[in-house]
$ cat data_1.pdb   # PDB, C-alpha atoms, pLDDT in the B column
ATOM      1  CA  MET A   1       1.296 -29.201 -25.822  1.00 62.00           C
ATOM      2  CA  ALA A   2      -2.064 -27.448 -25.746  1.00 67.00           C
ATOM      3  CA  LEU A   3      -0.365 -24.194 -24.746  1.00 62.00           C
ATOM      4  CA  ASN A   4       2.041 -24.552 -27.657  1.00 67.00           C
ATOM      5  CA  ASN A   5      -0.836 -25.111 -30.119  1.00 73.00           C
ATOM      6  CA  GLY A   6      -2.682 -22.127 -28.635  1.00 71.00           C
ATOM      7  CA  LEU A   7       0.343 -19.880 -29.127  1.00 67.00           C
ATOM      8  CA  ARG A   8       0.742 -21.052 -32.720  1.00 74.00           C
ATOM      9  CA  SER A   9      -2.893 -20.376 -33.559  1.00 74.00           C
ATOM     10  CA  ALA A  10      -2.712 -16.955 -31.885  1.00 69.00           C
ATOM     11  CA  SER A  11       0.402 -16.042 -33.878  1.00 70.00           C
ATOM     12  CA  LYS A  12      -1.290 -17.187 -37.093  1.00 73.00           C
ATOM     13  CA  LEU A  13      -4.285 -14.971 -36.312  1.00 67.00           C
ATOM     14  CA  ILE A  14      -2.020 -12.000 -35.661  1.00 68.00           C
ATOM     15  CA  CYS A  15      -0.123 -12.566 -38.896  1.00 65.00           C
ATOM     16  CA  ALA A  16      -3.362 -12.939 -40.850  1.00 62.00           C
ATOM     17  CA  SER A  17      -4.792  -9.726 -39.396  1.00 55.00           C
ATOM     18  CA  ASP A  18      -1.539  -7.882 -40.170  1.00 51.00           C
ATOM     19  CA  SER A  19      -1.821  -8.857 -43.818  1.00 53.00           C
ATOM     20  CA  ILE A  20      -5.403  -7.539 -43.953  1.00 54.00           C
ATOM     21  CA  PHE A  21      -4.400  -4.174 -42.501  1.00 53.00           C
ATOM     22  CA  SER A  22      -1.169  -3.853 -44.440  1.00 53.00           C
ATOM     23  CA  ASN A  23      -3.070  -3.710 -47.725  1.00 56.00           C
ATOM     24  CA  SER A  24      -5.288  -0.828 -46.665  1.00 62.00           C
ATOM     25  CA  VAL A  25      -2.982   1.189 -44.403  1.00 63.00           C
ATOM     26  CA  ARG A  26       0.389   2.518 -45.458  1.00 65.00           C
ATOM     27  CA  ARG A  27       2.765   4.562 -43.416  1.00 71.00           C
ATOM     28  CA  GLY A  28       5.032   7.179 -44.869  1.00 74.00           C
ATOM     29  CA  PHE A  29       5.083  10.609 -46.362  1.00 71.00           C
ATOM     30  CA  HIS A  30       3.099  11.416 -49.450  1.00 68.00           C
ATOM     31  CA  SER A  31       2.007  14.528 -51.221  1.00 68.00           C
ATOM     32  CA  THR A  32      -0.217  15.529 -54.024  1.00 69.00           C
ATOM     33  CA  GLY A  33       1.198  16.149 -57.447  1.00 66.00           C
ATOM     34  CA  VAL A  34       2.634  19.477 -58.488  1.00 59.00           C
ATOM     35  CA  LYS A  35       0.164  21.724 -60.237  1.00 58.00           C
ATOM     36  CA  ARG A  36       1.472  22.410 -63.680  1.00 57.00           C
ATOM     37  CA  MET A  37       1.076  25.940 -64.890  1.00 54.00           C
ATOM     38  CA  GLY A  38       2.276  27.475 -68.077  1.00 54.00           C
ATOM     39  CA  GLY A  39       5.975  28.254 -68.237  1.00 55.00           C
ATOM     40  CA  HIS A  40       7.474  28.842 -64.815  1.00 56.00           C
ATOM     41  CA  GLY A  41       4.269  29.016 -62.788  1.00 56.00           C
ATOM     42  CA  HIS A  42       3.485  32.707 -63.032  1.00 55.00           C
ATOM     43  CA  ASP A  43       1.509  35.076 -65.173  1.00 53.00           C
ATOM     44  CA  GLU A  44       4.048  36.543 -67.545  1.00 56.00           C
ATOM     45  CA  PRO A  45       2.684  40.071 -68.063  1.00 54.00           C
ATOM     46  CA  PHE A  46       2.173  40.650 -64.325  1.00 52.00           C
ATOM     47  CA  TYR A  47       5.444  39.177 -63.106  1.00 54.00           C
ATOM     48  CA  MET A  48       8.614  41.222 -63.015  1.00 56.00           C
ATOM     49  CA  HIS A  49      11.696  39.077 -63.454  1.00 62.00           C
ATOM     50  CA  ALA A  50      14.371  39.249 -60.772  1.00 65.00           C
ATOM     51  CA  LYS A  51      17.028  40.806 -62.997  1.00 65.00           C
ATOM     52  CA  HIS A  52      14.814  43.908 -63.349  1.00 66.00           C
ATOM     53  CA  MET A  53      13.391  43.880 -59.853  1.00 68.00           C
ATOM     54  CA  TYR A  54      16.090  45.604 -57.811  1.00 71.00           C
ATOM     55  CA  ASN A  55      17.363  48.342 -60.111  1.00 75.00           C
ATOM     56  CA  LEU A  56      17.548  51.041 -57.453  1.00 78.00           C
ATOM     57  CA  ASP A  57      19.081  53.560 -59.829  1.00 80.00           C
ATOM     58  CA  ARG A  58      15.949  53.414 -62.032  1.00 81.00           C
ATOM     59  CA  MET A  59      13.506  53.727 -59.117  1.00 83.00           C
ATOM     60  CA  LYS A  60      11.114  56.674 -59.195  1.00 88.00           C
ATOM     61  CA  HIS A  61      11.545  59.047 -56.240  1.00 91.00           C
ATOM     62  CA  GLN A  62      14.603  57.099 -55.087  1.00 90.00           C
ATOM     63  CA  LYS A  63      15.850  59.687 -52.569  1.00 92.00           C
ATOM     64  CA  VAL A  64      12.499  59.964 -50.816  1.00 94.00           C
ATOM     65  CA  LYS A  65      11.864  56.201 -50.702  1.00 93.00           C
ATOM     66  CA  MET A  66      15.353  55.237 -49.538  1.00 93.00           C
ATOM     67  CA  SER A  67      15.448  57.999 -46.929  1.00 96.00           C
ATOM     68  CA  LEU A  68      12.061  56.895 -45.617  1.00 96.00           C
ATOM     69  CA  ALA A  69      13.148  53.242 -45.528  1.00 95.00           C
ATOM     70  CA  VAL A  70      16.375  54.016 -43.635  1.00 97.00           C
ATOM     71  CA  PHE A  71      14.561  56.322 -41.191  1.00 98.00           C
ATOM     72  CA  THR A  72      11.872  53.682 -40.562  1.00 98.00           C
ATOM     73  CA  ALA A  73      14.392  50.896 -39.936  1.00 97.00           C
ATOM     74  CA  PHE A  74      16.453  53.131 -37.624  1.00 98.00           C
ATOM     75  CA  SER A  75      13.352  54.264 -35.716  1.00 98.00           C
ATOM     76  CA  ILE A  76      12.182  50.702 -35.145  1.00 97.00           C
ATOM     77  CA  GLY A  77      15.665  49.709 -34.019  1.00 97.00           C
ATOM     78  CA  VAL A  78      15.722  52.526 -31.447  1.00 97.00           C
ATOM     79  CA  LEU A  79      12.102  52.743 -30.287  1.00 98.00           C
ATOM     80  CA  VAL A  80      11.444  49.048 -29.652  1.00 97.00           C
ATOM     81  CA  PRO A  81      14.282  48.619 -27.094  1.00 97.00           C
ATOM     82  CA  VAL A  82      13.451  51.961 -25.436  1.00 97.00           C
ATOM     83  CA  TYR A  83       9.799  50.947 -25.101  1.00 97.00           C
ATOM     84  CA  ALA A  84      10.843  47.520 -23.771  1.00 97.00           C
ATOM     85  CA  VAL A  85      13.008  49.114 -21.058  1.00 97.00           C
ATOM     86  CA  ILE A  86      10.295  51.575 -20.026  1.00 96.00           C
ATOM     87  CA  PHE A  87       7.684  48.800 -19.938  1.00 95.00           C
ATOM     88  CA  GLN A  88       9.931  46.556 -17.859  1.00 95.00           C
ATOM     89  CA  GLN A  89      10.674  49.341 -15.373  1.00 95.00           C
ATOM     90  CA  LYS A  90       6.965  50.131 -14.992  1.00 93.00           C
ATOM     91  CA  LYS A  91       6.222  46.458 -14.435  1.00 92.00           C
ATOM     92  CA  THR A  92       8.954  46.149 -11.785  1.00 91.00           C
ATOM     93  CA  ALA A  93       7.949  49.373  -9.992  1.00 88.00           C
ATOM     94  CA  SER A  94       4.266  48.444  -9.766  1.00 81.00           C
ATOM     95  CA  GLY A  95       4.817  44.885  -8.523  1.00 68.00           C
TER      96      GLY A  95
END
$ encode --input "data_1.pdb" --output "structure tokens"
Amino acid sequence: MALNNGLRSASKLICASDSIFSNSVRRGFHSTGVKRMGGHGHDEPFYMHAKHMYNLDRMKHQKVKMSLAVFTAFSIGVLVPVYAVIFQQKKTASG
């Protein structure tokens, strides 16, 4: 009987302490509010809209820029694997 009363009082204490903590601590995801800016969140005179952004036919010095971009992408695609193979062979030969 005494053990039963002890268990009841212990469970009451646990329940009471849970209610104290549940008011101050909350689990879950939360975030701050969205910052509201004028319009769509950008400065209008300094922002180029997407429909005008990729007009390659109106680009200044298009041939030079596109040739340089293709050459750069091709060079990276060739030189990185070649360097990786040479580095790996040096590492294997020295060890």
$ atom_distance --input "data_1.pdb" --atom1 "atom CA of Ser11 of chain A" --atom2 "atom CA of Arg27 of chain A"
22.8 Å
$ axis_aligned_box --input "data_1.pdb" --around "segment 67-71 of chain A" --padding-each-side "5 Å" --output "AutoDock Vina command-line options"
--center_x 14.2 --center_y 55.6 --center_z -44.1 --size_x 14.3 --size_y 14.8 --size_z 15.7
$ atom_distance --input "data_1.pdb" --atom1 "atom CA of Thr92 of chain A" --atom2 "atom CA of Leu79 of chain A"
19.9 Å
